[in-house]
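Visitor: File data-v4.tsv follows (TSV, C-alpha atoms):
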```tsv
chain	number	residue	atom	x	y	z
M	1	MET	CA	38.49	40.23	15.19
M	2	LYS	CA	35.57	37.94	14.40
M	3	SER	CA	35.91	38.46	10.63
M	4	SER	CA	39.56	37.34	10.71
M	5	LYS	CA	38.58	34.13	12.53
M	6	VAL	CA	35.85	33.46	9.97
M	7	LEU	CA	38.27	34.08	7.09
M	8	PHE	CA	40.88	31.87	8.73
M	9	THR	CA	38.28	29.08	9.21
M	10	TYR	CA	37.09	29.32	5.59
M	11	GLY	CA	40.68	29.35	4.37
M	12	LEU	CA	41.49	26.27	6.44
M	13	VAL	CA	38.41	24.39	5.21
M	14	PHE	CA	39.19	25.35	1.59
M	15	THR	CA	42.79	24.15	1.95
M	16	MET	CA	41.65	20.84	3.43
M	17	LEU	CA	39.12	20.30	0.61
M	18	MET	CA	41.69	21.06	-2.06
M	19	GLY	CA	44.16	18.70	-0.37
M	20	GLY	CA	41.53	15.95	-0.34
M	21	ILE	CA	40.71	16.46	-4.00
M	22	PHE	CA	44.41	16.43	-4.91
M	23	THR	CA	44.88	13.21	-2.93
M	24	LEU	CA	41.93	11.54	-4.70
M	25	LEU	CA	43.23	12.60	-8.10
M	26	THR	CA	46.68	11.20	-7.46
M	27	GLN	CA	45.31	7.91	-6.05
M	28	ALA	CA	42.56	7.38	-8.62
M	29	GLU	CA	44.83	5.44	-10.96
M	30	SER	CA	44.34	1.68	-10.88
M	31	VAL	CA	46.57	-1.22	-11.85
M	32	PRO	CA	45.86	-2.26	-15.46
M	33	ALA	CA	44.84	-5.92	-15.76
M	34	ASP	CA	44.54	-8.20	-18.76
M	35	VAL	CA	41.18	-9.98	-18.49
M	36	ARG	CA	39.83	-12.85	-20.59
M	37	CYS	CA	36.43	-14.54	-20.56
M	38	THR	CA	35.55	-18.01	-21.81
M	39	PRO	CA	33.27	-18.41	-23.70
M	40	PHE	CA	33.81	-15.07	-25.40
M	41	PHE	CA	30.96	-15.61	-27.90
M	42	ILE	CA	27.38	-16.52	-26.96
M	43	SER	CA	24.09	-16.68	-28.77
M	44	LEU	CA	20.85	-15.76	-27.07
M	45	GLU	CA	19.13	-18.53	-29.06
M	46	ASP	CA	21.22	-21.21	-27.36
M	47	PRO	CA	20.58	-22.35	-23.81
M	48	GLY	CA	22.56	-20.09	-21.50
M	49	SER	CA	25.99	-21.13	-20.34
M	50	GLU	CA	25.98	-22.44	-16.77
M	51	GLU	CA	29.27	-20.73	-16.05
M	52	PHE	CA	31.91	-18.48	-17.51
M	53	ARG	CA	35.62	-18.66	-16.74
M	54	ILE	CA	37.27	-15.30	-16.15
M	55	THR	CA	41.06	-15.06	-16.07
M	56	ILE	CA	42.94	-12.04	-14.70
M	57	LYS	CA	46.61	-11.35	-15.44
M	58	LEU	CA	48.40	-8.54	-13.62
M	59	PRO	CA	51.66	-6.82	-14.58
M	60	LYS	CA	54.81	-7.33	-12.54
M	61	PRO	CA	55.52	-6.73	-9.61
M	62	TYR	CA	51.94	-7.55	-8.55
M	63	LYS	CA	51.31	-11.08	-7.30
M	64	HIS	CA	48.17	-12.93	-8.24
M	65	GLU	CA	47.92	-14.53	-4.80
M	66	ASP	CA	47.45	-11.02	-3.36
M	67	ILE	CA	44.14	-10.57	-5.21
M	68	ASP	CA	41.20	-10.33	-2.80
M	69	PRO	CA	38.49	-12.62	-4.27
M	70	GLU	CA	35.76	-10.88	-2.25
M	71	SER	CA	36.54	-7.55	-3.94
M	72	ILE	CA	36.19	-8.74	-7.56
M	73	ARG	CA	33.29	-7.22	-9.49
M	74	VAL	CA	32.37	-8.05	-13.07
M	75	GLY	CA	30.38	-5.27	-14.69
M	76	GLY	CA	29.83	-3.90	-11.18
M	77	PHE	CA	28.32	-7.15	-9.87
M	78	ASP	CA	29.57	-10.01	-7.69
M	79	VAL	CA	29.16	-12.97	-10.04
M	80	MET	CA	31.79	-15.35	-8.63
M	81	LYS	CA	30.51	-18.90	-8.43
M	82	ASP	CA	31.18	-20.87	-5.25
M	83	VAL	CA	32.94	-23.96	-6.62
M	84	PRO	CA	35.32	-26.30	-4.76
M	85	ASP	CA	38.99	-25.71	-5.62
M	86	TRP	CA	38.19	-22.36	-7.25
M	87	PRO	CA	39.43	-19.68	-7.74
M	88	LYS	CA	42.63	-20.95	-9.33
M	89	VAL	CA	45.62	-18.86	-8.29
M	90	LYS	CA	48.82	-19.46	-10.23
M	91	LYS	CA	52.02	-17.50	-10.63
M	92	THR	CA	50.89	-16.10	-13.98
M	93	PHE	CA	47.12	-15.70	-13.52
M	94	PHE	CA	44.06	-15.64	-11.25
M	95	ALA	CA	41.00	-17.46	-12.61
M	96	PHE	CA	37.49	-17.93	-11.28
M	97	LYS	CA	34.15	-19.22	-12.47
M	98	ALA	CA	31.22	-16.83	-12.83
M	99	GLU	CA	27.55	-17.79	-12.46
M	100	GLY	CA	26.05	-18.13	-15.94
M	101	TRP	CA	22.61	-16.79	-15.05
M	102	LYS	CA	24.07	-13.74	-13.29
M	103	MET	CA	26.27	-12.94	-16.29
M	104	MET	CA	23.33	-13.35	-18.67
M	105	ASP	CA	20.70	-11.47	-16.64
M	106	TRP	CA	22.80	-8.74	-15.05
M	107	ILE	CA	25.45	-8.05	-17.69
M	108	VAL	CA	24.57	-9.42	-21.13
M	109	ARG	CA	20.89	-8.52	-21.31
M	110	LEU	CA	21.54	-5.09	-19.79
M	111	GLY	CA	24.44	-4.50	-22.20
M	112	ILE	CA	22.43	-5.03	-25.38
M	113	PRO	CA	21.17	-1.67	-26.62
M	114	HIS	CA	17.43	-1.23	-26.91
M	115	MET	CA	16.19	-1.47	-30.51
M	116	THR	CA	19.08	-3.72	-31.62
M	117	PRO	CA	17.90	-5.50	-34.79
M	118	HIS	CA	17.14	-9.22	-34.49
M	119	GLY	CA	19.98	-11.54	-35.45
M	120	GLU	CA	22.68	-8.90	-34.98
M	121	ARG	CA	26.06	-9.35	-33.36
M	122	VAL	CA	26.63	-7.05	-30.39
M	123	ASP	CA	29.98	-6.50	-28.65
M	124	ILE	CA	29.63	-5.79	-24.94
M	125	ASP	CA	32.63	-4.36	-23.11
M	126	VAL	CA	32.66	-5.67	-19.54
M	127	THR	CA	34.85	-4.12	-16.84
M	128	VAL	CA	36.41	-6.25	-14.11
M	129	THR	CA	37.60	-4.53	-10.93
M	130	GLY	CA	39.04	-5.62	-7.61
M	131	LEU	CA	41.83	-5.18	-5.11
M	132	VAL	CA	45.37	-6.55	-5.22
M	133	GLY	CA	47.40	-5.94	-2.08
M	134	GLY	CA	45.10	-3.06	-1.13
M	135	GLU	CA	45.42	-1.35	-4.55
M	136	ALA	CA	42.63	-1.25	-7.10
M	137	PHE	CA	42.99	-3.06	-10.40
M	138	GLU	CA	40.84	-2.76	-13.49
M	139	GLY	CA	40.61	-4.62	-16.76
M	140	MET	CA	38.13	-5.16	-19.55
M	141	PHE	CA	37.04	-7.94	-21.87
M	142	THR	CA	34.66	-7.96	-24.81
M	143	LEU	CA	31.79	-10.41	-24.85
M	144	ARG	CA	30.36	-11.01	-28.32
M	145	VAL	CA	26.61	-11.72	-28.29
M	146	MET	CA	24.38	-12.83	-31.16
M	147	THR	CA	20.86	-11.57	-30.59
M	148	MET	CA	17.85	-13.78	-31.25
M	149	HIS	CA	16.24	-14.01	-34.66
M	150	ASN	CA	12.61	-13.05	-34.72
M	151	ASP	CA	10.62	-16.01	-36.03
M	152	TYR	CA	7.32	-14.55	-37.20
M	153	ASN	CA	5.79	-18.03	-37.33
M	154	MET	CA	5.95	-18.29	-33.53
M	155	GLY	CA	3.21	-15.75	-32.91
M	156	ILE	CA	5.46	-12.77	-32.32
M	157	PRO	CA	4.06	-9.91	-34.38
M	158	PRO	CA	6.45	-8.04	-36.69
M	159	PRO	CA	7.53	-4.53	-35.62
```
Could I get this structure in the form of structure tokens?

Guide:
Amino acid sequence: MKSSKVLFTYGLVFTMLMGGIFTLLTQAESVPADVRCTPFFISLEDPGSEEFRITIKLPKPYKHEDIDPESIRVGGFDVMKDVPDWPKVKKTFFAFKAEGWKMMDWIVRLGIPHMTPHGERVDIDVTVTGLVGGEAFEGMFTLRVMTMHNDYNMGIPPP
């Protein structure tokens, strides 16, 4: 009698786990978003940009005013800049300004592969995620970065 209760309990737990996994698999899909970043090209030799403008466009029937600004993550980080009259929410897009130093320190510098030759162009794919009406959305933009040239006359020894 005890073995049947144990088998029943294990069977019930197994069924609940499989149901949970199936539910996660069917809900794991996110709304595709078209994401743009301005400026899309930066050079590490120039002074860093103070801010970046990121624009999100969602497919119909999603409404841009339903985007939760607190949920937006760029490269996994909260980089939204607190600026009066921003974010801009229009019928066709949602735009916000991102802190330049956060983008440079947390996304750009971490996205450049170690041992990248000096003066090379590197494309960094950056993912933007968030919630629209309780559903997850996800999009990606490419940030093109020119690495610094190594000036051997400045006291930096050659490799």

Visitor: So, with only C-alpha atoms as the atoms that count, which of M:Leu110, M:Ile54, M:Val31, M:Ile67 lies closest to Val89 of chain M?

Guide: M:Ile67

Visitor: Considering all atoms listed in the file, can you say which of M:Glu120, M:Asp85, M:Glu70, M:Glu99 comes closest to Ser43 of chain M?

Guide: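 Among the listed residues, M:Glu120 lies closest to Ser43 of chain M.
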
Visitor: If I put a ball of radius 6 Å at (27.7, -11.3, -27.9) in the file's coordinates, which residues poke into it when counting all atoms listed in the file, written as an mmCIF file with C-alpha atoms, keeping the file's coordinate frame?

Guide:
```
data_model
loop_
_atom_site.group_PDB
_atom_site.id
_atom_site.type_symbol
_atom_site.label_atom_id
_atom_site.label_comp_id
_atom_site.auth_asym_id
_atom_site.auth_seq_id
_atom_site.Cartn_x
_atom_site.Cartn_y
_atom_site.Cartn_z
ATOM 1 C CA PHE M 41 30.960 -15.610 -27.900
ATOM 2 C CA ILE M 42 27.380 -16.520 -26.960
ATOM 3 C CA VAL M 122 26.630 -7.050 -30.390
ATOM 4 C CA ASP M 123 29.980 -6.500 -28.650
ATOM 5 C CA LEU M 143 31.790 -10.410 -24.850
ATOM 6 C CA ARG M 144 30.360 -11.010 -28.320
ATOM 7 C CA VAL M 145 26.610 -11.720 -28.290
ATOM 8 C CA MET M 146 24.380 -12.830 -31.160
#
```

Visitor: M:Gly100, M:Gly134, M:Pro47, M:Gly139: which is nearest Pro59 of chain M, counting only C-alpha atoms?

Guide: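 Using only C-alpha atoms, the shortest distance to Pro59 of chain M belongs to M:Gly139.
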
Visitor: Need to verify the contact set: Asp34 of chain M, 8 Å, all atoms listed in the file, exclusion of same-chain residues closer than 2 positions in sequence. Can you return it as an MDAnalysis selection string?

Guide: chainID M and resid 32 36 56:58 139:140

Visitor: For those residues, write C-alpha atoms to a file as an mmCIF file, in the coordinates of the input.

Guide:
```cif
data_model
loop_
_atom_site.group_PDB
_atom_site.id
_atom_site.type_symbol
_atom_site.label_atom_id
_atom_site.label_comp_id
_atom_site.auth_asym_id
_atom_site.auth_seq_id
_atom_site.Cartn_x
_atom_site.Cartn_y
_atom_site.Cartn_z
ATOM 1 C CA PRO M 32 45.860 -2.260 -15.460
ATOM 2 C CA ARG M 36 39.830 -12.850 -20.590
ATOM 3 C CA ILE M 56 42.940 -12.040 -14.700
ATOM 4 C CA LYS M 57 46.610 -11.350 -15.440
ATOM 5 C CA LEU M 58 48.400 -8.540 -13.620
ATOM 6 C CA GLY M 139 40.610 -4.620 -16.760
ATOM 7 C CA MET M 140 38.130 -5.160 -19.550
#
```

Visitor: Which residue gives the smallest distance to Met103 of chain M among M:Asp82, M:Glu135, M:Asp125, M:Glu51, with only C-alpha atoms counted?

Guide: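 The answer is M:Glu51, which sits nearest to Met103 of chain M.
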
Visitor: Between M:Thr147, M:Ala136, M:Phe141, M:Thr38, which residue has the minimum interatomic distance to Pro117 of chain M, considering only C-alpha atoms?

Guide: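 Using only C-alpha atoms, Pro117 of chain M sits closest to M:Thr147.
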
Visitor: Contacts of Lys102 of chain M at 12 Å or less, counting all atoms listed in the file, minus same-chain residues fewer than 2 places along, as an MDAnalysis selection string?

Guide: chainID M and resid 48:52 73:81 97:100 104:110

Visitor: Hey, what's within 9 Å of Leu131 of chain M if we count all atoms listed in the file and toss same-chain stuff fewer than 5 positions away? As a list in words, please?

Guide: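 Listed by chain and then number, they are Asp66, Ile67, Asp68, Pro69, Glu70, Ser71, Ile72, Ala136, Phe137 and Glu138 of chain M.
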
Visitor: Restricting the calculation to all atoms listed in the file: of M:Val35, M:Glu29, M:Thr116, M:Lys63, which residue gets closest to Gly133 of chain M?

Guide: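 Comparing M:Val35, M:Glu29, M:Thr116, M:Lys63 against Gly133 of chain M, the winner is M:Lys63.
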
Visitor: If you measure from atom CA of Ser30 of chain M to atom CA of Thr127 of chain M, what distance in Å do you get, rounded to one decimal?

Guide: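 Interatomic distance, atom CA of Ser30 of chain M to atom CA of Thr127 of chain M: 12.6 Å.
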
Visitor: Figure out the distance between atom CA of Pro87 of chain M and atom CA of Leu44 of chain M, please, to one decimal in Å.

Guide: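 The value is 27.1 Å.
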
Visitor: Go ahead and compute the interatomic distance for atom CA of Thr55 of chain M and atom CA of Met148 of chain M, in Å to one decimal.

Guide: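 Atom CA of Thr55 of chain M sits 27.8 Å away from atom CA of Met148 of chain M.
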